[in-house]
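Peer 1: Provided herewith: start-v1.txt, compact mmCIF, C-alpha atoms and all ligand atoms.
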```
# COMPACT_ATOMS: atom_id res chain seq x y z
CA MET A 1 161.48 98.86 -0.61
CA THR A 2 164.59 99.56 1.39
CA PRO A 3 166.66 102.57 0.35
CA ARG A 4 169.30 100.08 -0.73
CA SER A 5 167.20 98.43 -3.42
CA THR A 6 166.06 101.76 -4.84
CA ILE A 7 169.54 103.25 -4.86
CA VAL A 8 170.88 100.08 -6.49
CA GLU A 9 168.29 100.36 -9.26
CA ARG A 10 169.00 104.00 -9.83
CA PHE A 11 172.71 103.25 -9.96
CA ARG A 12 172.15 100.48 -12.51
CA SER A 13 170.10 102.64 -14.80
CA ARG A 14 172.53 105.57 -14.60
CA PHE A 15 175.90 103.81 -14.67
CA GLY A 16 175.23 100.09 -15.24
CA GLY A 17 176.64 97.23 -13.16
CA ASP A 18 176.07 96.27 -9.55
CA PRO A 19 177.21 98.75 -6.92
CA ARG A 20 178.11 98.35 -3.31
CA VAL A 21 176.27 100.67 -0.94
CA TYR A 22 177.60 102.63 2.05
CA ARG A 23 175.85 104.99 4.38
CA ALA A 24 176.85 107.61 6.94
CA PRO A 25 174.53 109.43 9.35
CA GLY A 26 174.00 113.07 10.23
CA ARG A 27 174.24 114.12 13.86
CA VAL A 28 172.95 116.36 16.59
CA ASN A 29 174.95 117.76 19.48
CA LEU A 30 173.21 117.29 22.83
CA ILE A 31 175.56 119.49 24.83
CA GLY A 32 179.08 120.93 24.56
CA GLU A 33 178.83 123.81 22.08
CA HIS A 34 181.83 125.80 20.84
CA THR A 35 184.05 123.52 22.89
CA ASP A 36 185.57 121.39 20.11
CA TYR A 37 188.05 124.02 18.90
CA ASN A 38 188.93 124.72 22.54
CA GLU A 39 190.05 121.08 22.84
CA GLY A 40 187.20 120.36 25.24
CA PHE A 41 184.21 118.03 25.44
CA ALA A 42 181.08 117.62 23.35
CA MET A 43 178.24 115.13 23.38
CA PRO A 44 176.90 114.41 19.90
CA ALA A 45 174.75 111.52 18.75
CA ALA A 46 174.40 110.17 15.23
CA ILE A 47 170.77 110.29 14.07
CA GLU A 48 168.65 108.09 11.82
CA PHE A 49 169.13 110.22 8.73
CA TYR A 50 171.72 108.77 6.39
CA CYS A 51 173.61 109.80 3.30
CA TRP A 52 173.82 106.81 0.96
CA VAL A 53 176.55 106.26 -1.60
CA ALA A 54 176.40 103.50 -4.21
CA VAL A 55 179.78 102.82 -5.81
CA GLY A 56 180.91 100.78 -8.81
CA ALA A 57 184.27 100.32 -10.51
CA ARG A 58 185.41 102.10 -13.69
CA GLU A 59 188.16 101.06 -16.06
CA ASP A 60 189.82 104.50 -16.09
CA ARG A 61 191.03 106.67 -13.20
CA ARG A 62 188.06 109.03 -13.25
CA LEU A 63 185.34 109.67 -10.72
CA HIS A 64 181.82 110.19 -12.01
CA ILE A 65 179.58 111.41 -9.23
CA TYR A 66 175.84 112.02 -9.35
CA SER A 67 173.90 113.69 -6.55
CA GLU A 68 170.17 112.97 -6.45
CA GLU A 69 169.56 116.01 -4.22
CA PHE A 70 171.29 118.41 -6.59
CA SER A 71 170.24 116.48 -9.76
CA ALA A 72 173.74 117.10 -11.03
CA GLU A 73 176.77 115.14 -12.15
CA ALA A 74 180.40 116.00 -11.54
CA ASP A 75 183.58 114.32 -12.63
CA ALA A 76 187.22 114.39 -11.72
CA ASP A 77 190.38 112.85 -13.13
CA LEU A 78 192.38 111.21 -10.35
CA SER A 79 195.56 111.24 -12.48
CA SER A 80 195.66 114.99 -13.06
CA ALA A 81 197.82 116.61 -10.41
CA ALA A 82 196.59 119.98 -9.11
CA ARG A 83 192.89 120.49 -8.81
CA GLN A 84 190.98 123.60 -7.78
CA PRO A 85 187.77 123.57 -5.79
CA SER A 86 184.69 124.45 -7.86
CA LYS A 87 182.82 126.01 -4.92
CA THR A 88 179.91 123.63 -5.50
CA TRP A 89 178.61 120.48 -3.78
CA SER A 90 181.11 118.26 -5.63
CA ASP A 91 183.98 119.78 -3.59
CA TYR A 92 182.86 117.56 -0.68
CA PRO A 93 183.23 114.15 -2.40
CA ILE A 94 186.16 115.22 -4.60
CA GLY A 95 187.95 116.80 -1.62
CA VAL A 96 187.63 113.49 0.19
CA ALA A 97 189.07 111.59 -2.78
CA LEU A 98 192.04 113.96 -2.91
CA GLN A 99 192.69 113.60 0.82
CA LEU A 100 192.60 109.80 0.58
CA GLU A 101 195.12 109.90 -2.26
CA GLN A 102 197.34 112.37 -0.39
CA ALA A 103 197.34 110.01 2.58
CA GLY A 104 198.68 107.26 0.32
CA PHE A 105 195.46 105.40 -0.45
CA ARG A 106 195.68 105.19 -4.23
CA LEU A 107 192.16 105.09 -5.62
CA ARG A 108 190.66 103.27 -8.57
CA GLY A 109 188.24 105.07 -10.85
CA ALA A 110 184.64 104.83 -9.73
CA ASN A 111 181.04 105.78 -10.42
CA LEU A 112 179.21 107.15 -7.40
CA LEU A 113 175.54 107.77 -6.85
CA ILE A 114 174.75 109.91 -3.81
CA GLU A 115 171.39 110.11 -2.12
CA SER A 116 170.79 111.67 1.27
CA GLU A 117 168.03 111.82 3.86
CA VAL A 118 169.98 114.30 5.96
CA PRO A 119 168.30 117.70 5.58
CA ILE A 120 170.85 119.94 3.88
CA GLY A 121 171.99 123.08 5.68
CA ALA A 122 169.76 122.41 8.71
CA GLY A 123 172.68 121.96 11.10
CA LEU A 124 172.43 118.16 11.10
CA SER A 125 175.72 117.84 9.26
CA SER A 126 174.74 116.62 5.83
CA SER A 127 178.30 117.67 4.98
CA ALA A 128 180.01 115.16 7.26
CA ALA A 129 177.53 112.50 6.13
CA ILE A 130 178.42 112.93 2.45
CA GLU A 131 182.15 113.07 3.25
CA VAL A 132 182.17 109.96 5.38
CA ALA A 133 179.92 107.87 3.11
CA THR A 134 182.08 108.86 0.11
CA ALA A 135 185.31 108.07 1.96
CA LEU A 136 184.13 104.60 2.93
CA ALA A 137 182.86 103.90 -0.58
CA LEU A 138 186.06 105.06 -2.31
CA ALA A 139 188.44 103.38 0.11
CA ASP A 140 186.66 100.06 0.04
CA GLN A 141 186.25 100.14 -3.73
CA SER A 142 190.03 100.42 -3.97
CA GLY A 143 190.70 97.66 -1.46
CA TRP A 144 191.65 99.90 1.50
CA THR A 145 190.34 99.78 5.04
CA PRO A 146 191.77 102.85 6.78
CA GLU A 147 191.30 103.27 10.53
CA ARG A 148 188.10 105.10 11.38
CA LEU A 149 189.97 107.84 13.18
CA GLN A 150 192.12 108.43 10.13
CA LEU A 151 188.99 108.60 7.97
CA ALA A 152 187.44 111.15 10.32
CA LEU A 153 190.56 113.31 10.16
CA LEU A 154 190.81 113.01 6.36
CA CYS A 155 187.19 114.05 5.94
CA GLN A 156 187.67 117.00 8.30
CA ARG A 157 190.75 118.06 6.35
CA ALA A 158 188.81 117.81 3.07
CA GLU A 159 186.23 120.22 4.51
CA ASN A 160 188.89 122.51 6.00
CA GLU A 161 191.20 122.64 3.02
CA PHE A 162 189.23 121.85 -0.13
CA VAL A 163 185.74 123.09 0.74
CA GLY A 164 187.21 125.90 2.85
CA ALA A 165 185.13 125.55 6.05
CA ARG A 166 187.02 125.69 9.33
CA VAL A 167 185.06 122.94 11.09
CA GLY A 168 186.14 120.90 14.13
CA ILE A 169 186.33 117.09 14.23
CA MET A 170 183.00 116.41 15.98
CA ASP A 171 180.75 115.85 12.96
CA GLN A 172 182.97 113.42 11.08
CA PHE A 173 183.88 111.63 14.29
CA VAL A 174 180.33 110.92 15.39
CA SER A 175 179.23 110.00 11.86
CA LEU A 176 181.86 107.24 11.95
CA TYR A 177 181.66 106.17 15.58
CA GLY A 178 177.95 106.69 16.33
CA GLU A 179 176.17 103.91 18.22
CA LYS A 180 172.50 103.04 18.21
CA ASP A 181 170.79 104.30 21.39
CA HIS A 182 173.95 106.08 22.57
CA ALA A 183 175.40 109.55 22.67
CA LEU A 184 179.19 109.88 22.55
CA MET A 185 181.03 111.95 25.09
CA LEU A 186 183.79 113.13 22.88
CA ASP A 187 187.14 114.36 24.16
CA CYS A 188 188.15 116.67 21.33
CA ARG A 189 191.80 116.72 22.41
CA ALA A 190 192.41 113.03 22.97
CA LEU A 191 190.03 112.11 20.12
CA SER A 192 188.57 109.43 22.32
CA PHE A 193 185.02 108.92 23.50
CA ALA A 194 182.74 107.22 25.99
CA SER A 195 179.36 105.89 24.86
CA LEU A 196 176.40 106.80 27.02
CA LEU A 197 173.02 105.13 26.84
CA ILE A 198 170.05 107.38 26.05
CA PRO A 199 167.11 105.51 27.57
CA ASN A 200 164.32 104.42 25.22
CA SER A 201 161.88 106.57 27.12
CA VAL A 202 163.52 109.70 25.68
CA LYS A 203 163.42 111.16 22.16
CA LEU A 204 165.81 113.66 20.66
CA VAL A 205 163.60 116.26 19.04
CA ILE A 206 165.33 118.62 16.64
CA SER A 207 163.52 121.80 15.78
CA ASN A 208 164.75 123.94 12.90
CA THR A 209 164.04 127.66 13.30
CA MET A 210 164.26 128.02 9.51
CA VAL A 211 166.49 131.08 9.86
CA LYS A 212 170.18 131.42 9.18
CA HIS A 213 171.56 134.84 9.94
CA GLU A 214 174.30 136.32 7.80
CA LEU A 215 176.52 136.73 10.84
CA ALA A 216 177.06 133.01 11.32
CA SER A 217 180.46 132.46 9.73
CA SER A 218 182.12 135.81 10.53
CA GLU A 219 181.01 135.63 14.16
CA TYR A 220 182.17 132.02 14.38
CA ASN A 221 185.66 133.09 13.37
CA ARG A 222 185.52 136.02 15.80
CA ARG A 223 184.61 133.68 18.69
CA ARG A 224 187.55 131.47 17.84
CA ALA A 225 189.79 134.54 17.88
CA ASP A 226 188.34 135.66 21.26
CA CYS A 227 189.17 132.25 22.74
CA GLU A 228 192.68 132.36 21.31
CA GLU A 229 193.17 135.81 22.80
CA ALA A 230 192.02 134.59 26.21
CA VAL A 231 194.51 131.72 26.08
CA ARG A 232 197.34 134.02 24.97
CA ARG A 233 196.77 136.44 27.84
CA LEU A 234 196.15 133.76 30.47
CA ARG A 235 199.31 131.93 29.41
CA GLU A 236 201.37 134.83 30.80
CA PHE A 237 200.17 133.75 34.24
CA LEU A 238 199.48 130.08 33.60
CA PRO A 239 202.34 128.95 31.36
CA GLY A 240 201.18 125.33 31.30
CA ILE A 241 197.94 125.97 29.42
CA ARG A 242 197.48 125.20 25.74
CA ALA A 243 193.75 125.77 25.28
CA LEU A 244 190.75 126.88 27.34
CA ARG A 245 190.33 123.19 28.10
CA ASP A 246 193.23 123.58 30.54
CA VAL A 247 191.75 126.51 32.50
CA SER A 248 189.70 125.95 35.66
CA ALA A 249 186.84 128.17 36.79
CA GLU A 250 188.95 129.32 39.78
CA GLN A 251 191.90 130.26 37.59
CA LEU A 252 189.63 132.20 35.28
CA GLU A 253 188.25 134.23 38.22
CA GLN A 254 191.74 134.77 39.61
CA TYR A 255 193.01 136.32 36.36
CA ARG A 256 189.77 137.93 35.25
CA SER A 257 191.19 141.45 35.42
CA LYS A 258 194.07 140.49 33.14
CA ILE A 259 191.89 139.77 30.13
CA SER A 260 189.30 141.84 28.28
CA GLU A 261 185.68 141.61 29.39
CA VAL A 262 184.73 139.98 26.09
CA ALA A 263 187.49 137.37 26.29
CA TYR A 264 186.42 136.68 29.89
CA LYS A 265 182.80 136.06 28.89
CA ARG A 266 183.80 133.74 26.06
CA ALA A 267 186.18 131.83 28.30
CA LEU A 268 183.58 131.60 31.06
CA HIS A 269 181.20 129.94 28.62
CA VAL A 270 183.79 127.42 27.45
CA VAL A 271 185.00 126.54 30.95
CA GLY A 272 181.41 126.18 32.20
CA GLU A 273 180.31 124.24 29.14
CA ASN A 274 183.08 121.67 29.53
CA ALA A 275 182.01 121.14 33.15
CA ARG A 276 178.40 120.80 32.04
CA VAL A 277 179.30 118.08 29.52
CA LEU A 278 181.11 116.12 32.22
CA ASP A 279 178.20 116.51 34.60
CA SER A 280 175.69 115.54 31.87
CA ALA A 281 177.67 112.36 31.28
CA GLU A 282 177.45 111.57 34.99
CA ALA A 283 173.73 112.31 34.90
CA LEU A 284 173.23 109.87 32.02
CA ARG A 285 175.29 107.21 33.77
CA SER A 286 173.01 107.44 36.77
CA GLY A 287 169.84 107.66 34.66
CA ASP A 288 169.07 111.19 35.81
CA ILE A 289 167.56 112.77 32.70
CA ALA A 290 166.13 115.70 34.66
CA ARG A 291 169.65 116.72 35.70
CA PHE A 292 170.81 116.41 32.10
CA GLY A 293 167.95 118.71 31.12
CA MET A 294 169.06 121.34 33.66
CA ARG A 295 172.55 121.35 32.18
CA MET A 296 170.99 121.88 28.73
CA ALA A 297 169.05 124.91 29.97
CA GLU A 298 172.24 126.35 31.50
CA SER A 299 174.10 125.69 28.28
CA HIS A 300 171.54 127.68 26.33
CA ARG A 301 171.70 130.63 28.73
CA SER A 302 175.47 130.62 28.58
CA LEU A 303 175.48 130.54 24.76
CA ARG A 304 172.95 133.37 24.76
CA ASP A 305 174.45 135.66 27.42
CA LEU A 306 178.16 134.87 27.54
CA TYR A 307 179.09 133.49 24.16
CA GLU A 308 176.42 135.62 22.44
CA VAL A 309 175.71 133.27 19.56
CA SER A 310 171.96 132.81 19.98
CA CYS A 311 169.27 134.84 18.20
CA PRO A 312 165.62 135.76 18.90
CA GLU A 313 164.27 132.76 16.96
CA LEU A 314 166.43 130.26 18.88
CA ASP A 315 165.53 131.88 22.21
CA LEU A 316 161.84 131.75 21.31
CA MET A 317 162.11 128.10 20.29
CA VAL A 318 163.73 127.25 23.65
CA ASP A 319 161.15 129.28 25.63
CA LEU A 320 158.30 127.56 23.81
CA ALA A 321 159.87 124.15 24.47
CA HIS A 322 160.00 124.84 28.20
CA GLN A 323 156.23 125.40 28.14
CA GLN A 324 155.49 121.93 26.72
CA LYS A 325 154.67 118.74 28.56
CA GLY A 326 157.33 116.05 28.87
CA VAL A 327 160.35 118.28 28.17
CA TYR A 328 163.54 117.54 30.11
CA GLY A 329 165.75 120.09 28.44
CA ALA A 330 166.05 122.39 25.44
CA ARG A 331 168.84 124.48 23.97
CA MET A 332 170.25 125.78 20.72
CA THR A 333 172.54 123.32 18.97
CA GLY A 334 175.25 124.01 16.42
CA GLY A 335 177.16 127.21 15.76
CA GLY A 336 174.23 129.55 16.42
CA PHE A 337 172.66 132.66 14.77
CA GLY A 338 169.86 130.41 13.53
CA GLY A 339 169.74 126.71 12.83
CA ALA A 340 168.12 124.29 15.22
CA THR A 341 167.37 123.52 18.84
CA ILE A 342 167.76 120.11 20.48
CA ASN A 343 165.09 119.00 22.93
CA LEU A 344 165.13 115.98 25.21
CA VAL A 345 161.52 114.90 25.38
CA ASP A 346 159.70 112.08 27.14
CA ALA A 347 158.86 109.64 24.30
CA ARG A 348 155.19 109.60 25.29
CA TYR A 349 154.88 113.32 24.62
CA ALA A 350 157.12 113.65 21.58
CA GLY A 351 154.27 113.69 19.04
CA GLU A 352 152.31 116.27 20.99
CA PHE A 353 155.48 118.32 21.54
CA LYS A 354 156.14 118.44 17.80
CA GLU A 355 152.60 119.51 16.99
CA LYS A 356 152.36 122.21 19.63
CA MET A 357 155.81 123.60 18.96
CA ALA A 358 155.07 123.87 15.24
CA LYS A 359 151.83 125.76 15.91
CA SER A 360 153.22 128.13 18.52
CA TYR A 361 156.39 128.92 16.59
CA GLN A 362 154.41 129.57 13.44
CA ARG A 363 151.98 131.80 15.30
CA GLU A 364 154.83 133.89 16.74
CA THR A 365 157.07 134.12 13.66
CA GLY A 366 155.05 133.20 10.59
CA LEU A 367 157.68 130.52 9.87
CA VAL A 368 156.86 126.81 9.59
CA PRO A 369 159.58 124.96 11.51
CA GLN A 370 160.87 121.54 10.47
CA ILE A 371 160.76 119.26 13.49
CA TYR A 372 162.34 115.80 13.61
CA ILE A 373 161.81 113.17 16.27
CA CYS A 374 164.99 111.10 16.44
CA ARG A 375 166.86 108.43 18.35
CA PRO A 376 170.62 107.92 18.42
CA ALA A 377 171.63 105.82 15.43
CA GLU A 378 174.44 103.56 14.30
CA GLY A 379 177.48 105.15 12.65
CA ALA A 380 178.71 104.76 9.08
CA GLY A 381 179.30 101.48 7.32
CA PRO A 382 178.48 99.21 4.39
CA PHE A 383 174.81 98.45 3.86
CA PRO A 384 173.61 95.93 4.67
CA SER A 385 176.45 95.35 7.08
CA SER A 386 176.62 91.66 6.09
CA ASP A 387 178.07 92.85 2.75
CA LEU A 388 181.59 92.95 4.11
P1 LIG B 401 175.04 120.99 7.05
O1 LIG B 401 176.27 120.16 7.20
O2 LIG B 401 174.61 121.64 8.30
O3 LIG B 401 173.90 120.25 6.39
P2 LIG B 401 176.78 122.49 5.35
O4 LIG B 401 176.66 123.82 4.69
O5 LIG B 401 177.92 122.23 6.24
O6 LIG B 401 175.40 122.21 6.08
O7 LIG B 401 176.83 121.37 4.22
C1 LIG B 401 175.85 121.35 3.20
C2 LIG B 401 176.53 121.15 1.84
O8 LIG B 401 177.05 119.80 1.74
C3 LIG B 401 175.57 121.27 0.67
O9 LIG B 401 175.38 122.62 0.28
C4 LIG B 401 176.31 120.47 -0.39
O10 LIG B 401 177.35 121.24 -0.96
C5 LIG B 401 176.92 119.33 0.42
N1 LIG B 401 175.99 118.18 0.42
C6 LIG B 401 175.35 117.66 1.50
N2 LIG B 401 174.55 116.63 1.12
C7 LIG B 401 174.70 116.50 -0.21
C8 LIG B 401 174.13 115.63 -1.21
N3 LIG B 401 173.26 114.69 -0.88
N4 LIG B 401 174.52 115.79 -2.50
C9 LIG B 401 175.44 116.73 -2.82
N5 LIG B 401 175.98 117.57 -1.94
C10 LIG B 401 175.62 117.48 -0.65
MG MG B 402 178.19 120.92 7.84
```
Translate this file's structure into C-alpha cells.
Peer 2:
Amino acid sequence: MTPRSTIVERFRSRFGGDPRVYRAPGRVNLIGEHTDYNEGFAMPAAIEFYCWVAVGAREDRRLHIYSEEFSAEADADLSSAARQPSKTWSDYPIGVALQLEQAGFRLRGANLLIESEVPIGAGLSSSAAIEVATALALADQSGWTPERLQLALLCQRAENEFVGARVGIMDQFVSLYGEKDHALMLDCRALSFASLLIPNSVKLVISNTMVKHELASSEYNRRRADCEEAVRRLREFLPGIRALRDVSAEQLEQYRSKISEVAYKRALHVVGENARVLDSAEALRSGDIARFGMRMAESHRSLRDLYEVSCPELDLMVDLAHQQKGVYGARMTGGGFGGATINLVDARYAGEFKEKMAKSYQRETGLVPQIYICRPAEGAGPFPSSDL
C-alpha cells in the first residue's frame, strides 16, 4: 500500500471524512555549512524521506492535530487572539498556522493527521518537513495558494518566533523547491537557486553519529556572534560590506591584523566555504564528481580547524569514510557537535559502504550508527500530484 492509502485510512478512523494529503521532504546539505546566516551559498538536496499531512475540513475555527510519531493530539482555536508556545512538538504546526493568518491567509478549521518518515532530530530537518507539509495543507484547505518563497519564509518565521529556534532559510527553501535528481545551489541572500544534476551513478549516504553534544546551540549562537564581530570590524575598512558574503579572501588577509584571531578563523572558513560551493557547482556542471569530493574534504577540515564545530565522532566518521571503496567525498553536515556526515559514494559501492561503515564505527565507539542511502528527491506538494 502507498503511504497515501494508509494515511487516508488512519485519518478516516480518527476524524472521519476524506482528507487531502500533502507531503514535504527532509534534506541534506552537500556543501556550504554555516554560510546561510552569512548571506552566502549552500548546496542542499531534498531527500526521499517525507512528512505526510492529511487534512480535512471542520465546521468550527479549530485545529485538531494528531502526530503519529508522538502518538499525541493537540488543538488550537484560530479565533482566540494571543497564543503562547507550549514548548512541545505542536508548536511547529500551530506556529505555521499563526504565521499564515498573520500574513493575511485566513484559515478554516481543520483536522490534521501527521505522519513522518524523516528521522527526528537526526539533522535531516524533520522540522522543516512538518512545517512545510502543514503550511501547504492548511493553505490549500482554506483556498489559498501562496507563493512558494512566501511559504518558505513563513515557515522559517514560525520556527524562529514561535518555536524559538534561530534557523536560516535553507531547510524550508529546499523542502519546497527540491527537485528529483538535483541539488540546489542556494544563494541565501538573493533567495534564488540553480539546480544541479547529481548523476545516477552517485548516492548520497547520510551517516548519523548518534551523538548530539550539549554545546550545539550555545556554540551555534557564539559562531553567529563571531561572524557579526568580524563584519563590524572589517566594515571600518571596507564600508561597502554587509555580511561575510561580501568579503574576498584577499581583503580578509589584508585586514587580518585588525580583527581578533578567532574572528579571523571564523571568517576564513566562511569566505573559503562560499568559494567551495561555487567551485562544487562548477564541478557538477562539468560532471567532475572527484573535484566535488575534494571540496567536501576541504569543507570538513575547515569546519574542524577554523570554525571548530566538529567533534571526535564526526571526525572519526569522515576518516572511516575515506578508507572505503567508491567514496568521492565525506564531511560533517549540519550545525556540528554531533549529528550526521554526508558522503558522496559511487552507487555500485553504496551497500558495501553502509555495511563497512556501520561495523567500523561501532567497533570504535560502541555506537550503532543509522546510515541512509539517498537520492535527491522532489520537493513538497499534494499527493498524488494529480490531486490538484
Ligand atoms: P531535525 O529538524 O534535525 O529533525 P529539530 O529539533 O529541528 O530536528 O526538529 C525536531 C522536532 O520537530 C521534533 O522534536 C518535533 O517537535 C517536531 N517534529 C518533527 N517531526 C514531527 C512529527 N512527525 N510529529 C510531530 N512533531 C514533529
Ligand atoms: Mg530542524
Peer 1: How would you write as a list in words the residues that get within 10 Å of (173.2, 104.9, 25.5) in the file's frame, counting only C-alpha atoms?
Peer 2: Ala45, Glu179, Lys180, Asp181, His182, Ala183, Leu184, Ala194, Ser195, Leu196, Leu197, Ile198, Pro199, Asn200, Leu284, Arg285 and Pro376 of chain A
Peer 1: Hey, which residues come within 8 Å of ligand LIG 401 (chain B) if we count all atoms listed in the file? Could you give them as an MDAnalysis selection string?
Peer 2: chainID A and resid 51 66:70 88:92 114:130 165
Peer 1: What gap, in Å, lies between atom CA of Val28 of chain A and atom CA of Asp171 of chain A?
Peer 2: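 Interatomic distance here is 8.6 Å.
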Peer 1: Could you state the separation of atom CA of Gln156 of chain A and atom CA of Ile47 of chain A in Å, given to one decimal place?
Peer 2: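 So the answer is 19.1 Å.
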Peer 1: Starting from 4 Å padding per side, set up an axis-aligned box that covers all listed atoms of segment 173-183 of chain A and hand over centre and edge lengths in Å, one decimal, as lines of an AutoDock Vina configuration file.
Peer 2:
```
center_x = 177.3
center_y = 107.3
center_z = 17.3
size_x = 21.1
size_y = 16.6
size_z = 18.8
```
Peer 1: Separation of atom CA of Val163 of chain A and atom CA of Pro3 of chain A, in Å?
Peer 2: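 Taking atom CA of Val163 of chain A and atom CA of Pro3 of chain A, their separation equals 28.0 Å.
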Peer 1: Considering only C-alpha atoms, can you say which of A:Gly32, A:Gly16, A:Gly336, A:Gly26 comes closest to Cys374 of chain A?
Peer 2: A:Gly26
Peer 1: What's the 8 Å shell around Asn29 of chain A, counting only C-alpha atoms, without same-chain residues fewer than 4 positions away, as a list of chain:residue names?
Peer 2: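 Here the qualifying residues turn out to be A:Glu33, A:Ala42, A:Met43, A:Pro44, A:Ala45, A:Thr333, A:Gly334, A:Ile342.
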Peer 1: Which residues come within 12 Å of Glu253 of chain A, counting all atoms listed in the file, excluding same-chain residues fewer than 4 positions away, as JSON, numbers by chain?
Peer 2: {"A": [234, 247, 248, 249, 257, 258, 259, 261, 264, 265, 267, 268, 271]}
Peer 1: Ranking A:Glu131, A:Arg304, A:Glu273, A:Val368 by minimum distance to Ser175 of chain A and counting only C-alpha atoms, which one comes first?
Peer 2: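 So, comparing all the options, the nearest one is A:Glu131.
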Peer 1: With all atoms listed in the file as the atoms that count, which of A:Arg27, A:Lys203, A:Arg276, A:Arg291 lies nearest to ligand MG 402 (chain B)?
Peer 2: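 Selected residue with least distance to ligand MG 402 (chain B): A:Arg27.
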Peer 1: Hey, what's within 8 Å of Glu39 of chain A if we count only C-alpha atoms and toss same-chain stuff fewer than 6 positions away? As a VMD selection string, please?
Peer 2: chain A and resid 187 to 189 243 to 245
Peer 1: Would you kindly return, as a ChimeraX atom specification, each protein, DNA or RNA residue with an atom no farther than 6 Å from any atom of Pro19 of chain A, considering all atoms listed in the file and excluding same-chain residues fewer than 6 positions away?
Peer 2: /A:54-56
Peer 1: Which residues are close to Val345 of chain A, i.e. within 10 Å by only C-alpha atoms, leaving aside same-chain residues fewer than 5 positions away? Reply as a VMD selection string.
Peer 2: chain A and resid 201 to 205 289 293 321 324 to 330 350 to 351 353 to 354 373
Peer 1: Taking C-alpha atoms for each residue, export the selection above as a CSV table (one decimal), keeping the file's coordinate frame.
Peer 2:
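Dumped to out_39.csv:
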```csv
chain,number,residue,atom,x,y,z
A,201,SER,CA,161.9,106.6,27.1
A,202,VAL,CA,163.5,109.7,25.7
A,203,LYS,CA,163.4,111.2,22.2
A,204,LEU,CA,165.8,113.7,20.7
A,205,VAL,CA,163.6,116.3,19.0
A,289,ILE,CA,167.6,112.8,32.7
A,293,GLY,CA,168.0,118.7,31.1
A,321,ALA,CA,159.9,124.2,24.5
A,324,GLN,CA,155.5,121.9,26.7
A,325,LYS,CA,154.7,118.7,28.6
A,326,GLY,CA,157.3,116.0,28.9
A,327,VAL,CA,160.4,118.3,28.2
A,328,TYR,CA,163.5,117.5,30.1
A,329,GLY,CA,165.8,120.1,28.4
A,330,ALA,CA,166.0,122.4,25.4
A,350,ALA,CA,157.1,113.6,21.6
A,351,GLY,CA,154.3,113.7,19.0
A,353,PHE,CA,155.5,118.3,21.5
A,354,LYS,CA,156.1,118.4,17.8
A,373,ILE,CA,161.8,113.2,16.3
```
Peer 1: Considering all atoms listed in the file, state which residue in the set A:Leu252, A:Glu48, A:Ile31, A:Arg375 is at the smallest distance from Asp346 of chain A.
Peer 2: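 Comparing A:Leu252, A:Glu48, A:Ile31, A:Arg375 against Asp346 of chain A, the winner is A:Arg375.
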Peer 1: Which is closest to ligand MG 402 (chain B) among A:Gly178, A:Gly335, A:Gly40, A:Gly17, if we use all atoms listed in the file?
Peer 2: A:Gly335
Peer 1: Return the single residue from A:Leu100, A:Arg235, A:Trp52, A:Gly339 that is closest to ligand MG 402 (chain B), with distances computed using all atoms listed in the file.
Peer 2: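 Under the stated criterion, the closest residue is A:Gly339.
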Peer 1: List every protein, DNA or RNA residue that has at least one atom no more than 12 Å from (186.4, 133.4, 15.4) in the file's coordinates, counting only C-alpha atoms, and write the result as a list of chain:residue names.
Peer 2: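 I get A:His34, A:Tyr37, A:Asn38, A:Arg166, A:Val167, A:Leu215, A:Ala216, A:Ser217, A:Ser218, A:Glu219, A:Tyr220, A:Asn221, A:Arg222, A:Arg223, A:Arg224, A:Ala225, A:Asp226, A:Cys227, A:Glu228, A:Glu229, A:Ala263, A:Arg266, A:Tyr307, A:Val309, A:Gly335 for the residues within 12 Å of that point.
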Peer 1: For C-alpha atoms, I'd like the residues from the last selection saved as an mmCIF file, keeping the file's coordinate frame.
Peer 2:
```cif
data_model
loop_
_atom_site.group_PDB
_atom_site.id
_atom_site.type_symbol
_atom_site.label_atom_id
_atom_site.label_comp_id
_atom_site.auth_asym_id
_atom_site.auth_seq_id
_atom_site.Cartn_x
_atom_site.Cartn_y
_atom_site.Cartn_z
ATOM 1 C CA HIS A 34 181.830 125.800 20.840
ATOM 2 C CA TYR A 37 188.050 124.020 18.900
ATOM 3 C CA ASN A 38 188.930 124.720 22.540
ATOM 4 C CA ARG A 166 187.020 125.690 9.330
ATOM 5 C CA VAL A 167 185.060 122.940 11.090
ATOM 6 C CA LEU A 215 176.520 136.730 10.840
ATOM 7 C CA ALA A 216 177.060 133.010 11.320
ATOM 8 C CA SER A 217 180.460 132.460 9.730
ATOM 9 C CA SER A 218 182.120 135.810 10.530
ATOM 10 C CA GLU A 219 181.010 135.630 14.160
ATOM 11 C CA TYR A 220 182.170 132.020 14.380
ATOM 12 C CA ASN A 221 185.660 133.090 13.370
ATOM 13 C CA ARG A 222 185.520 136.020 15.800
ATOM 14 C CA ARG A 223 184.610 133.680 18.690
ATOM 15 C CA ARG A 224 187.550 131.470 17.840
ATOM 16 C CA ALA A 225 189.790 134.540 17.880
ATOM 17 C CA ASP A 226 188.340 135.660 21.260
ATOM 18 C CA CYS A 227 189.170 132.250 22.740
ATOM 19 C CA GLU A 228 192.680 132.360 21.310
ATOM 20 C CA GLU A 229 193.170 135.810 22.800
ATOM 21 C CA ALA A 263 187.490 137.370 26.290
ATOM 22 C CA ARG A 266 183.800 133.740 26.060
ATOM 23 C CA TYR A 307 179.090 133.490 24.160
ATOM 24 C CA VAL A 309 175.710 133.270 19.560
ATOM 25 C CA GLY A 335 177.160 127.210 15.760
#
```
